[in-house]
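Here is the structure we will look at, set down as structure tokens.
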Amino acid sequence: MSHDWYSDFVNSGVGKAIAGNVGLPPVPKLRRWEPGQPLLSGAALLGTATANGRVAKVVRAVLTEAGVEVHEDPNAPIGGGSSTSKVAAAIVDATGLSSPADLAAIQQFLTPVMRRVGPSGRILVIGDVPAEADRPAVRAARRSLEGLVRSAAKEARYGATVNLVHVAEEAVGADLESTLRFFLSSRSAFVDGQRVDVGTVAGYAGSASGTDWDRPIAGKVAVVTGAARGIGRTVAKTLARDGATVVCVDIPAAGDALARTANDVGGTSLQLDITSEGAGAAIVEHAKRHGGIDIVVHNAGITRDKLLANQDTDRWNSVIDVNLNAQLAIDEVLLASSDDQGFHPGGRIVTVSSMAGIAGNRGQTSYGSSKAGVIGLVEATAPLLAPKKATINAVAPGFIETDMTAAMPVGTREAGRRLSSLTQGGLPVDVAETIAYFAQGASYAVNGQVLRVCGQNLLGA
Amino acid sequence: MASPRRAAVVGANRIPFARSNGAYARASNQDMLTAALDGLVARFGLTGERIGEVVAGAVLKHSRDFNLTREAVLGSRLSAATPTYDVQQACGTGLEAAILIANKIALGQVEVGIAGGVDTTSDAPIAVNEDLREVLLAANRAKSTAGMLKALAGLRPGQLVPEIPANREPRTGMAMGDHAAITAAYWGIERTAQDELTALSHQNLARAYEDGFFDDLLTPYLGLTKDNNLRADSTVEKLGKLKPVFFPAGGDRAEATMTAGNSTPLTDGAATVLLSSDAWAAERGLPVLAHLVDAETAAVDYVHGDEGLLMAPAYAVPRLLERNGLTLQDFDYYEIHEAFASTVLATLAAWESPQFCKERLGLDAPLGSIDRAKLNVHGSSLAAGHPFAATGARIVPTLAKTLHAKGSGRGLISICAAGGQGVVAILEA
């Protein structure tokens with residue numbers, strides 16, 4: 001991983017002074033999660049857009065259970081401080097909007113909030129699903145929230161993030177809890193200006209009750225492909241930290257690094273070419289020793305970058321095979337496997353898309369195709385999993401500091417870092433935390449989602 | 001007495017074998033054995049587990065490595081509460097270690113154990129010249145400075161020449177290859193037959209790699225992902241061009257048949273194999289590949305008698321067969337260690353010889369021939385290389401996995417060793 005010298009400079013004493021004077025963008029140090037960390041580092045403000053809001057009560061219950069001090073007045077003095085003292089988060093219940101006129105209430109709540117939210121603060125707007133509204137005025141109002149959130153995210157400072165949650169009409173309070181906790185906690189450090197829909201795929205079921213939020217996947221068995229190095233290794237460590245037994249998969253040639261990962265997380269290693277025939281069966285067979293599979297993370301991926309004008313079919317196919325065909329084939333085996341010894345009911349599949357699959361990237365027609373294909377795969381698989389009460393979701397990393405980005409030319413790398421609202425690259429753990437959120441049993445109502453972990457990178461935003 | 005339970009072969013891990021002074025030139029026995037153990041730990045999720053016993057050894061061993069296996073375990077991810085001991089039976093070490101573990105499992109003394117072996121001919125122990133050693137020891141014993149100086153006065157430039165271990169029999173001073181050349185000549189083993197066996201070993205090993213056979217038996221190490229002695233394109237024609245390197249004493253040099261191609265090269269590497277009771281494997285949901293049924297060792301007098309140095313397995317196998325009520329043909333696979341292609345062929349010839357079987361083995365009829373299509377089907381030492389102590393721990397899981405893939409069956413392992421010894425065993429799936 002290459003060092004971020006610019007960040008060091010603007011965060012040094014003299015650098016901070018110079019940067020302030022000449023207007024260089026600051027690089028906030030993001031708060032990141034560790035076991036035992038409280039949900040929020042301070043008080044929260046909870047606003048409601050209309051009298052018809054239906055989630056404020058749920059939010060308040062979650063915050064209270066987590067020991068967070070909650071105020072409804074955005075100008076409330078907190079902890080003996082003034083009406084401008086810092087808060088850790090602000091949540092707006094924007095459900096029940098009947099026309100764009102209702103948006104003003106949100107503006108009135110958020111305007112003082114923007115100056116009150118502290119470093120790595122959280123602003124979360126929760127609205128209804130636009131597609132569930134028939135009347136143009138209602139749908140327009142609901143859709144407005146996305147523009148509001150994406151713009152506010154670009155204004156928020158000091159590592160604060162602004163995100164949107166859509167909650168389906170039929171969803172009940174508990175369906176929201178894992179999502180609320182993810183966005184409010186520092187697990188979502190590098191997720192900014194994004195949206196997650198809750199309860200939008202029919203047929204989901206589950207329960208968040210009894211979740212140990214420090215070890216939300218305790219006792220689960222997770223399979224992580226591409227676990228030898230980079231993001232995959234961090235995913236394995238993060239899932240193990242959250243309580244899972246991890247089966248670490250990578251190609252045989254990466255077996256020594258894979259063994260290190262497996263031993264570091266107390267899991268098992270499976271040397272396997274995921275594009276080989278019978279790869280899915282081999283995974284299921286190996287996992288029998290752990291009693292079956294609860295979580296599968298399709299992280300393995302390769303790049304064989306070439307301008308399309310210079311592309312050849314062998315390189316093209318190798319990318320499509322590893323990044324797309326392999327997981328299609330493995331998912332098929334998982335879905336057909338037995339409930340008790342194979343992919344368990346209530347299981348989770350999490351896959352890795354990419355900003356390149358959303359925005360495109362020069363030299364990455366094959367990679368971009370495969371990663372856009374992943375989104376299609378997620379959308380089509382989500383309803384298929386509903387009978388098994390399972391889910392499938394994708395993360396789409398933006399600029400993440402890895403060996404791959406360290407090998408980029410300096411200009412490209414600096415642009416990748418600074419062209420995001422958080423003015424820095426993300427860390428592998430930011431991707432891993434998002435995968436771990438999708439992997440939770442408590443995320444049962446989150447299905448078919450693609451969540452960018454990009455610090456609101458300008459590309460494809 | 002109730003018959004003891006049979007030990008299960010559960011799985012294995014080895015590092016790729018490397019030709020001497022190559023990829024592992026700077027790796028010690030301890031480094032390699034630790035790496036092989038850690039790969040096994042990862043494959044079976046044994047991090048922090050206490051294993052009943054780890055038994056391994058090395059043939060070429062530094063004096064500081066008196067507790068080699070224990071040191072390797074302490075450096076591995078296994079629990080530090082795992083006891084160990086070292087064994088050394090030359091090239092039979094790895095198989096003997098597996099037999100020792102299996103016997104303890106059979107008796108219920110341990111539930112699970114790891115057998116292994118490691119050797120390096122690159123990081124070999126070099127000792128000081130014997131004359132120099134005596135001078136230094138005398139100086140060490142001296143009680144006064146004057147005495148010490150007197151002892152040190154015995155130093156001579158010639159004593160700087162170190163003692164480097166050689167692949168040579170101490171009692172005959174002959175290289176193992178030259179011993180084997182005598183046996184090859186005695187049995188009339190032809191050059192072409194040796195080259196054919198060699199080419200087949202390379203081709204079989206190459207196919208095994210291609211088929212992913214080693215995906216769950218091997219973990220890459222120091223940049224190697226497969227044995228670097230392997231020549232997938234090896235043919236009898238290419239092997240036929242090599243010049244002989246070993247010669248039968250007193251024989252016609254022009255008749256020599258043994259080349260660097262049809263003899264195993266000096267090799268570095270380590271191998272481990274996980275054995276347990278059926279119950280231990282079942283508790284962890286691990287499939288049993290095969291069971292170790294029985295084993296036998298033999299030794300021959302190659303110094304004063306007229307038997308070949310590497311012919312002991314020819315004596316061990318019939319004793320093992322008799323004890324188990326089997327014939328040589330009652331096996332689905334044969335794993336005969338390829339120290340030299342001629343050794344394998346001489347052993348097979350001996351079993352086919354009515355005279356040898358009658359006079360040397362005391363049998364009424366010869367053991368007969370084997371179906372060569374069942375021999376070393378995934379390649380053996382000629383292709384993979386032969387880090388002496390590791391070879392047995394390579395062969396046991398190779399055969400066990402082959403039997404498991406077939407579904408059921410019986411396999412014979414035969415390994416010859418320096419000092420005129422041999423270790424043989426039966427696996428069943």
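Ordering of the structure tokens sets the chain letters (A, B, ...), residue numbers begin anew at 1 in every chain, and ligands are numbered from 1 in the order given.
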
In segment 34-275 of chain B, what's strand (DSSP E) per DSSP? Answer as a compact mmCIF listing (two decimals) with N, CA and C atoms, in the first residue's frame?
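Everything below was put into states09.txt:
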```txt
# COMPACT_ATOMS: atom_id res chain seq x y z
N GLU B 53 0.81 -36.14 19.23
CA GLU B 53 2.26 -36.19 19.05
C GLU B 53 2.61 -35.78 17.64
N VAL B 54 3.70 -35.08 17.49
CA VAL B 54 4.27 -34.83 16.17
C VAL B 54 5.60 -35.57 16.12
N VAL B 55 5.75 -36.44 15.14
CA VAL B 55 6.97 -37.23 15.00
C VAL B 55 7.55 -36.98 13.62
N ALA B 56 8.78 -36.52 13.59
CA ALA B 56 9.42 -36.24 12.30
C ALA B 56 10.92 -36.37 12.46
N THR B 84 6.56 -33.84 20.98
CA THR B 84 7.18 -34.30 19.73
C THR B 84 8.35 -35.23 20.04
N TYR B 85 8.78 -35.98 19.06
CA TYR B 85 10.11 -36.54 19.11
C TYR B 85 10.66 -36.72 17.70
N ASP B 86 11.98 -36.81 17.61
CA ASP B 86 12.64 -36.97 16.32
C ASP B 86 12.92 -38.44 16.08
N VAL B 112 -4.63 -38.41 17.76
CA VAL B 112 -4.23 -37.75 16.52
C VAL B 112 -2.74 -37.45 16.59
N GLY B 113 -2.10 -37.57 15.44
CA GLY B 113 -0.68 -37.26 15.38
C GLY B 113 -0.29 -36.80 13.99
N ILE B 114 0.85 -36.16 13.93
CA ILE B 114 1.38 -35.72 12.64
C ILE B 114 2.74 -36.36 12.45
N ALA B 115 2.91 -37.03 11.32
CA ALA B 115 4.21 -37.62 10.99
C ALA B 115 4.84 -36.77 9.89
N GLY B 116 6.15 -36.69 9.89
CA GLY B 116 6.77 -35.88 8.85
C GLY B 116 8.23 -36.17 8.66
N GLY B 117 8.77 -35.46 7.73
CA GLY B 117 10.19 -35.57 7.47
C GLY B 117 10.65 -34.37 6.67
N VAL B 118 11.91 -34.07 6.80
CA VAL B 118 12.45 -32.90 6.11
C VAL B 118 13.91 -33.18 5.81
N ASP B 119 14.40 -32.64 4.73
CA ASP B 119 15.84 -32.72 4.49
C ASP B 119 16.29 -31.59 3.60
N PRO B 244 26.17 -41.94 -18.32
CA PRO B 244 26.11 -42.62 -17.02
C PRO B 244 26.96 -41.87 -15.98
N VAL B 245 26.50 -41.89 -14.73
CA VAL B 245 27.25 -41.24 -13.65
C VAL B 245 27.63 -42.22 -12.55
N PHE B 246 26.98 -43.37 -12.52
CA PHE B 246 27.32 -44.38 -11.50
C PHE B 246 27.81 -45.64 -12.20
N MET B 258 23.28 -46.16 -15.29
CA MET B 258 22.61 -45.20 -14.41
C MET B 258 23.09 -43.77 -14.65
N THR B 259 22.13 -42.89 -15.00
CA THR B 259 22.45 -41.50 -15.33
C THR B 259 21.85 -40.57 -14.29
N THR B 267 17.81 -33.27 -3.13
CA THR B 267 16.62 -32.43 -3.10
C THR B 267 16.39 -31.88 -1.71
N ASP B 268 15.80 -30.69 -1.64
CA ASP B 268 15.38 -30.09 -0.37
C ASP B 268 13.86 -30.12 -0.29
N GLY B 269 13.34 -30.33 0.92
CA GLY B 269 11.88 -30.28 1.05
C GLY B 269 11.41 -30.86 2.36
N ALA B 270 10.11 -30.72 2.61
CA ALA B 270 9.51 -31.23 3.84
C ALA B 270 8.10 -31.72 3.56
N ALA B 271 7.68 -32.73 4.29
CA ALA B 271 6.33 -33.27 4.11
C ALA B 271 5.76 -33.68 5.46
N THR B 272 4.44 -33.55 5.58
CA THR B 272 3.76 -33.96 6.82
C THR B 272 2.48 -34.70 6.46
N VAL B 273 2.06 -35.57 7.36
CA VAL B 273 0.80 -36.29 7.13
C VAL B 273 0.05 -36.39 8.45
N LEU B 274 -1.26 -36.14 8.36
CA LEU B 274 -2.11 -36.12 9.56
C LEU B 274 -2.79 -37.48 9.71
N LEU B 275 -2.55 -38.12 10.86
CA LEU B 275 -3.17 -39.42 11.15
C LEU B 275 -4.02 -39.28 12.40
```

Tell me, as a JSON list (two decimals) with C-alpha atoms, in the first residue's frame, which residues lie within 9 Å of Ala102 of chain B, counting only C-alpha atoms; anything in the same chain fewer than 6 positions away does not count.
```json
[["chain", "number", "residue", "atom", "x", "y", "z"],
["B", 6, "ARG", "CA", -6.53, -48.91, 12.59],
["B", 7, "ALA", "CA", -5.13, -45.41, 12.24],
["B", 8, "ALA", "CA", -6.72, -43.22, 9.61],
["B", 9, "VAL", "CA", -4.81, -41.11, 7.13],
["B", 112, "VAL", "CA", -4.23, -37.75, 16.52],
["B", 113, "GLY", "CA", -0.68, -37.26, 15.38],
["B", 275, "LEU", "CA", -3.17, -39.42, 11.15],
["B", 276, "SER", "CA", -5.93, -39.96, 13.66],
["B", 277, "SER", "CA", -8.47, -42.34, 15.06],
["B", 292, "LEU", "CA", -2.72, -47.84, 7.74]]
```

Contact residues around segment 422-437 of chain A with only C-alpha atoms at 7 Å, ignoring same-chain residues under 2 positions, as a list of chain:residue names: A:Val27, A:Gly159, A:Phe182, A:Arg187, A:Ser188, A:Ala189, A:Phe190, A:Ile231, A:Thr234, A:Val235, A:Thr238, A:Leu239, A:Val350, A:Val395, A:Pro397, A:Phe399, A:Ile400, A:Glu401, A:Arg417, A:Arg418, A:Leu419, A:Ser420, A:Ala439, A:Gln440, A:Ser443, A:Val453, A:Cys454, A:Gly455

Report as a Markdown table the residues of chain B within 10 Å of chain A, each with its shortest atom pair and distance in Å (one decimal), using only C-alpha atoms, ordered by chain and increasing residue number.
```
| residue | atom | partner | partner_atom | distance |
| --- | --- | --- | --- | --- |
| B:Ile15 | CA | A:Asp256 | CA | 9.3 |
| B:Ala35 | CA | A:Asp256 | CA | 8.5 |
| B:Ala36 | CA | A:Asp256 | CA | 9.7 |
| B:Asp38 | CA | A:Ala259 | CA | 7.1 |
| B:Gly39 | CA | A:Ala259 | CA | 5.6 |
| B:Leu40 | CA | A:Ala259 | CA | 8.5 |
| B:Val41 | CA | A:Asn263 | CA | 7.1 |
| B:Ala42 | CA | A:Thr268 | CA | 5.0 |
| B:Arg43 | CA | A:Ser269 | CA | 4.8 |
| B:Phe44 | CA | A:Thr268 | CA | 5.8 |
| B:Gly45 | CA | A:Thr268 | CA | 4.6 |
| B:Leu46 | CA | A:Gly266 | CA | 7.7 |
| B:Thr47 | CA | A:Gly266 | CA | 5.6 |
| B:Gly48 | CA | A:Gly266 | CA | 8.2 |
| B:Ser76 | CA | A:Asn263 | CA | 9.9 |
| B:Arg77 | CA | A:Asn263 | CA | 7.0 |
| B:Leu78 | CA | A:Asn263 | CA | 9.7 |
| B:Gly212 | CA | A:Leu272 | CA | 8.6 |
| B:Phe214 | CA | A:Pro252 | CA | 8.9 |
| B:Asp215 | CA | A:Gln271 | CA | 5.8 |
| B:Asp216 | CA | A:Gln271 | CA | 6.5 |
| B:Leu217 | CA | A:Gln271 | CA | 9.5 |
| B:Leu218 | CA | A:Gly255 | CA | 8.3 |
| B:Thr219 | CA | A:Gly255 | CA | 5.2 |
| B:Pro220 | CA | A:Asp256 | CA | 5.4 |
| B:Tyr221 | CA | A:Asp256 | CA | 6.3 |
| B:Leu222 | CA | A:Asp256 | CA | 8.6 |
| B:Gly223 | CA | A:Ala253 | CA | 8.8 |
| B:Leu224 | CA | A:Ala253 | CA | 8.4 |
| B:Thr225 | CA | A:Ala253 | CA | 5.7 |
| B:Lys226 | CA | A:Ala253 | CA | 8.9 |
| B:Ala281 | CA | A:Arg289 | CA | 9.5 |
| B:Ala282 | CA | A:Arg289 | CA | 8.9 |
| B:Glu283 | CA | A:Arg289 | CA | 8.8 |
| B:Arg284 | CA | A:Arg289 | CA | 5.8 |
| B:Gly285 | CA | A:Arg289 | CA | 4.0 |
| B:Leu286 | CA | A:Arg289 | CA | 5.7 |
| B:Pro287 | CA | A:Arg289 | CA | 8.5 |
```

Written file, previous selection with N, CA and C atoms, as an mmCIF file, in the first residue's frame:
```
data_model
loop_
_atom_site.group_PDB
_atom_site.id
_atom_site.type_symbol
_atom_site.label_atom_id
_atom_site.label_comp_id
_atom_site.auth_asym_id
_atom_site.auth_seq_id
_atom_site.Cartn_x
_atom_site.Cartn_y
_atom_site.Cartn_z
ATOM 1 N N ILE B 15 5.641 -29.100 1.217
ATOM 2 C CA ILE B 15 6.050 -27.997 0.360
ATOM 3 C C ILE B 15 6.594 -28.625 -0.921
ATOM 4 N N ALA B 35 7.097 -24.677 7.873
ATOM 5 C CA ALA B 35 6.212 -24.254 6.784
ATOM 6 C C ALA B 35 5.241 -25.380 6.415
ATOM 7 N N ALA B 36 5.771 -26.597 6.356
ATOM 8 C CA ALA B 36 4.903 -27.731 6.010
ATOM 9 C C ALA B 36 3.845 -27.937 7.096
ATOM 10 N N ASP B 38 2.640 -25.606 9.137
ATOM 11 C CA ASP B 38 1.677 -24.503 9.117
ATOM 12 C C ASP B 38 0.655 -24.655 7.993
ATOM 13 N N GLY B 39 1.102 -25.186 6.869
ATOM 14 C CA GLY B 39 0.150 -25.448 5.785
ATOM 15 C C GLY B 39 -0.863 -26.502 6.182
ATOM 16 N N LEU B 40 -0.399 -27.501 6.939
ATOM 17 C CA LEU B 40 -1.300 -28.563 7.415
ATOM 18 C C LEU B 40 -2.293 -27.995 8.437
ATOM 19 N N VAL B 41 -1.770 -27.149 9.322
ATOM 20 C CA VAL B 41 -2.623 -26.497 10.325
ATOM 21 C C VAL B 41 -3.727 -25.704 9.628
ATOM 22 N N ALA B 42 -3.353 -24.958 8.578
ATOM 23 C CA ALA B 42 -4.333 -24.139 7.861
ATOM 24 C C ALA B 42 -5.375 -25.016 7.179
ATOM 25 N N ARG B 43 -4.923 -26.108 6.551
ATOM 26 C CA ARG B 43 -5.847 -26.958 5.794
ATOM 27 C C ARG B 43 -6.883 -27.585 6.712
ATOM 28 N N PHE B 44 -6.468 -27.902 7.940
ATOM 29 C CA PHE B 44 -7.383 -28.617 8.833
ATOM 30 C C PHE B 44 -7.827 -27.785 10.037
ATOM 31 N N GLY B 45 -7.547 -26.493 10.002
ATOM 32 C CA GLY B 45 -8.027 -25.614 11.068
ATOM 33 C C GLY B 45 -7.503 -25.996 12.441
ATOM 34 N N LEU B 46 -6.209 -26.293 12.525
ATOM 35 C CA LEU B 46 -5.638 -26.783 13.783
ATOM 36 C C LEU B 46 -4.945 -25.679 14.589
ATOM 37 N N THR B 47 -5.199 -24.422 14.240
ATOM 38 C CA THR B 47 -4.541 -23.322 14.949
ATOM 39 C C THR B 47 -4.758 -23.457 16.452
ATOM 40 N N GLY B 48 -3.659 -23.467 17.182
ATOM 41 C CA GLY B 48 -3.747 -23.506 18.639
ATOM 42 C C GLY B 48 -4.157 -24.858 19.197
ATOM 43 N N SER B 76 5.480 -23.167 14.949
ATOM 44 C CA SER B 76 4.294 -23.325 14.109
ATOM 45 C C SER B 76 3.062 -22.779 14.825
ATOM 46 N N ARG B 77 1.907 -22.902 14.160
ATOM 47 C CA ARG B 77 0.653 -22.424 14.753
ATOM 48 C C ARG B 77 -0.001 -23.461 15.649
ATOM 49 N N LEU B 78 0.635 -24.635 15.792
ATOM 50 C CA LEU B 78 0.083 -25.642 16.704
ATOM 51 C C LEU B 78 0.254 -25.160 18.140
ATOM 52 N N GLY B 212 -4.890 -31.165 -10.650
ATOM 53 C CA GLY B 212 -5.149 -30.582 -9.334
ATOM 54 C C GLY B 212 -5.039 -31.592 -8.209
ATOM 55 N N PHE B 214 -2.633 -32.350 -6.370
ATOM 56 C CA PHE B 214 -1.873 -31.885 -5.204
ATOM 57 C C PHE B 214 -2.477 -30.640 -4.559
ATOM 58 N N ASP B 215 -3.630 -30.172 -5.073
ATOM 59 C CA ASP B 215 -4.216 -28.934 -4.533
ATOM 60 C C ASP B 215 -4.444 -29.021 -3.028
ATOM 61 N N ASP B 216 -4.782 -30.214 -2.536
ATOM 62 C CA ASP B 216 -4.993 -30.326 -1.086
ATOM 63 C C ASP B 216 -3.918 -31.183 -0.417
ATOM 64 N N LEU B 217 -2.767 -31.294 -1.067
ATOM 65 C CA LEU B 217 -1.654 -32.047 -0.466
ATOM 66 C C LEU B 217 -0.402 -31.181 -0.327
ATOM 67 N N LEU B 218 -0.422 -30.012 -0.929
ATOM 68 C CA LEU B 218 0.801 -29.229 -1.057
ATOM 69 C C LEU B 218 0.503 -27.741 -0.877
ATOM 70 N N THR B 219 1.446 -27.020 -0.298
ATOM 71 C CA THR B 219 1.330 -25.568 -0.184
ATOM 72 C C THR B 219 2.612 -24.950 -0.732
ATOM 73 N N PRO B 220 2.486 -23.949 -1.601
ATOM 74 C CA PRO B 220 3.688 -23.342 -2.179
ATOM 75 C C PRO B 220 4.633 -22.817 -1.092
ATOM 76 N N TYR B 221 5.910 -22.711 -1.461
ATOM 77 C CA TYR B 221 6.901 -22.231 -0.498
ATOM 78 C C TYR B 221 8.009 -21.506 -1.239
ATOM 79 N N LEU B 222 8.384 -20.355 -0.759
ATOM 80 C CA LEU B 222 9.478 -19.557 -1.322
ATOM 81 C C LEU B 222 9.402 -19.464 -2.846
ATOM 82 N N GLY B 223 8.210 -19.236 -3.339
ATOM 83 C CA GLY B 223 8.045 -19.002 -4.772
ATOM 84 C C GLY B 223 7.848 -20.246 -5.620
ATOM 85 N N LEU B 224 8.037 -21.420 -5.023
ATOM 86 C CA LEU B 224 7.801 -22.654 -5.789
ATOM 87 C C LEU B 224 6.355 -23.098 -5.613
ATOM 88 N N THR B 225 5.712 -23.464 -6.717
ATOM 89 C CA THR B 225 4.353 -23.989 -6.610
ATOM 90 C C THR B 225 4.303 -25.464 -6.985
ATOM 91 N N LYS B 226 5.391 -25.972 -7.558
ATOM 92 C CA LYS B 226 5.481 -27.420 -7.800
ATOM 93 C C LYS B 226 6.935 -27.860 -7.739
ATOM 94 N N ALA B 281 -11.474 -38.022 13.545
ATOM 95 C CA ALA B 281 -11.813 -37.477 12.226
ATOM 96 C C ALA B 281 -13.313 -37.209 12.123
ATOM 97 N N ALA B 282 -14.104 -38.139 12.626
ATOM 98 C CA ALA B 282 -15.561 -37.997 12.525
ATOM 99 C C ALA B 282 -16.051 -36.790 13.312
ATOM 100 N N GLU B 283 -15.471 -36.598 14.501
ATOM 101 C CA GLU B 283 -15.862 -35.453 15.331
ATOM 102 C C GLU B 283 -15.670 -34.132 14.602
ATOM 103 N N ARG B 284 -14.676 -34.082 13.763
ATOM 104 C CA ARG B 284 -14.363 -32.843 13.046
ATOM 105 C C ARG B 284 -14.920 -32.827 11.637
ATOM 106 N N GLY B 285 -15.677 -33.850 11.299
ATOM 107 C CA GLY B 285 -16.267 -33.894 9.962
ATOM 108 C C GLY B 285 -15.237 -34.059 8.862
ATOM 109 N N LEU B 286 -14.106 -34.680 9.196
ATOM 110 C CA LEU B 286 -13.053 -34.850 8.195
ATOM 111 C C LEU B 286 -13.142 -36.232 7.570
ATOM 112 N N PRO B 287 -13.092 -36.310 6.255
ATOM 113 C CA PRO B 287 -13.136 -37.616 5.600
ATOM 114 C C PRO B 287 -11.843 -38.391 5.866
#
```

Residue among B:Ala373, B:Asp278, B:Ala314, B:Leu320 lying closest to Leu361 of chain B, counting only C-alpha atoms: B:Ala314

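Nearest to Tyr209 of chain B of all the residues B:Ala384, B:Ala254, B:Ile51, B:Ile426 is B:Ala384, based on only C-alpha atoms.
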
I want to know what sits within 9 Å of Val68 of chain A, based on only C-alpha atoms, with residues of the same chain fewer than 4 positions away left out; could you give that as a VMD selection string? chain A and resid 38 to 44 62 to 64

Residues of the last selection are to be written out with N, CA and C atoms, as a PDB file, in the first residue's frame.
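See part.pdb below for the written result:
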```
ATOM      1  N   PRO A  38     -18.520   2.301  21.360  1.00  0.00           N
ATOM      2  CA  PRO A  38     -19.959   2.628  21.408  1.00  0.00           C
ATOM      3  C   PRO A  38     -20.485   2.979  20.016  1.00  0.00           C
ATOM      4  N   LEU A  39     -21.784   2.817  19.840  1.00  0.00           N
ATOM      5  CA  LEU A  39     -22.398   3.074  18.538  1.00  0.00           C
ATOM      6  C   LEU A  39     -22.062   4.482  18.053  1.00  0.00           C
ATOM      7  N   LEU A  40     -22.192   5.458  18.953  1.00  0.00           N
ATOM      8  CA  LEU A  40     -21.853   6.843  18.606  1.00  0.00           C
ATOM      9  C   LEU A  40     -20.954   7.411  19.697  1.00  0.00           C
ATOM     10  N   SER A  41     -20.114   8.378  19.317  1.00  0.00           N
ATOM     11  CA  SER A  41     -19.197   8.941  20.312  1.00  0.00           C
ATOM     12  C   SER A  41     -19.830  10.103  21.069  1.00  0.00           C
ATOM     13  N   GLY A  42     -21.093  10.436  20.770  1.00  0.00           N
ATOM     14  CA  GLY A  42     -21.756  11.538  21.460  1.00  0.00           C
ATOM     15  C   GLY A  42     -23.261  11.455  21.262  1.00  0.00           C
ATOM     16  N   ALA A  43     -23.914  12.607  21.455  1.00  0.00           N
ATOM     17  CA  ALA A  43     -25.374  12.644  21.377  1.00  0.00           C
ATOM     18  C   ALA A  43     -25.849  12.627  19.927  1.00  0.00           C
ATOM     19  N   ALA A  44     -27.147  12.326  19.771  1.00  0.00           N
ATOM     20  CA  ALA A  44     -27.747  12.318  18.438  1.00  0.00           C
ATOM     21  C   ALA A  44     -28.961  13.240  18.413  1.00  0.00           C
ATOM     22  N   VAL A  62     -33.532   2.130  19.115  1.00  0.00           N
ATOM     23  CA  VAL A  62     -32.181   1.597  18.869  1.00  0.00           C
ATOM     24  C   VAL A  62     -31.130   2.466  19.552  1.00  0.00           C
ATOM     25  N   LEU A  63     -31.297   3.798  19.403  1.00  0.00           N
ATOM     26  CA  LEU A  63     -30.328   4.725  19.998  1.00  0.00           C
ATOM     27  C   LEU A  63     -30.327   4.599  21.519  1.00  0.00           C
ATOM     28  N   THR A  64     -31.517   4.510  22.079  1.00  0.00           N
ATOM     29  CA  THR A  64     -31.630   4.432  23.536  1.00  0.00           C
ATOM     30  C   THR A  64     -31.007   3.145  24.055  1.00  0.00           C
TER      31      THR A  64
END
```

Report as number ranges by chain all protein, DNA and RNA residues lying within 7 Å of segment 222-224 of chain A, evaluated on only C-alpha atoms, omitting residues in the same chain fewer than 3 positions from it. A: 227, 232, 236, 244-249, 293-299

Could you pull out the residues in segment 246-306 of chain B that DSSP calls alpha helix (DSSP H) from the backbone, as a PyMOL selection string? chain B and resi 278-283

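Interatomic distance, atom CA of Trp351 of chain B against atom CA of Arg372 of chain B: 13.5 Å.
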
Extract, using only C-alpha atoms, all DNA, RNA and protein residues at most 8 Å from Tyr367 of chain A, discarding same-chain residues fewer than 4 positions from it, and format them as a ChimeraX atom specification. /A:302-305,319-320,323,356-357,371

Would you put the residues from that selection into a file with N, CA and C atoms, as a short mmCIF file (atom, residue, chain, number, x, y, z; two decimals), in the first residue's frame?
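Heads up, here's the output in part_28.cif:
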```
data_model
loop_
_atom_site.label_atom_id
_atom_site.label_comp_id
_atom_site.auth_asym_id
_atom_site.auth_seq_id
_atom_site.Cartn_x
_atom_site.Cartn_y
_atom_site.Cartn_z
N ILE A 302 -9.81 -10.58 -10.74
CA ILE A 302 -8.53 -10.24 -11.39
C ILE A 302 -8.74 -9.08 -12.36
N THR A 303 -7.68 -8.39 -12.68
CA THR A 303 -7.70 -7.40 -13.75
C THR A 303 -6.70 -7.81 -14.80
N ARG A 304 -7.05 -7.63 -16.06
CA ARG A 304 -6.10 -7.82 -17.17
C ARG A 304 -6.30 -6.63 -18.08
N ASP A 305 -5.93 -5.46 -17.56
CA ASP A 305 -6.28 -4.21 -18.23
C ASP A 305 -5.61 -4.05 -19.59
N VAL A 319 -10.81 -12.67 -17.41
CA VAL A 319 -11.43 -11.73 -16.47
C VAL A 319 -12.90 -12.09 -16.25
N ILE A 320 -13.61 -12.34 -17.34
CA ILE A 320 -15.03 -12.67 -17.23
C ILE A 320 -15.21 -13.99 -16.46
N ASN A 323 -14.19 -13.27 -12.60
CA ASN A 323 -14.98 -12.26 -11.91
C ASN A 323 -16.48 -12.50 -11.98
N ALA A 356 -15.66 0.74 -11.18
CA ALA A 356 -15.44 0.60 -12.62
C ALA A 356 -16.64 -0.04 -13.31
N GLY A 357 -17.41 -0.80 -12.55
CA GLY A 357 -18.60 -1.43 -13.11
C GLY A 357 -19.77 -0.46 -13.17
N LYS A 371 -17.69 -6.39 -13.63
CA LYS A 371 -18.19 -5.81 -12.37
C LYS A 371 -19.59 -5.22 -12.53
#
```
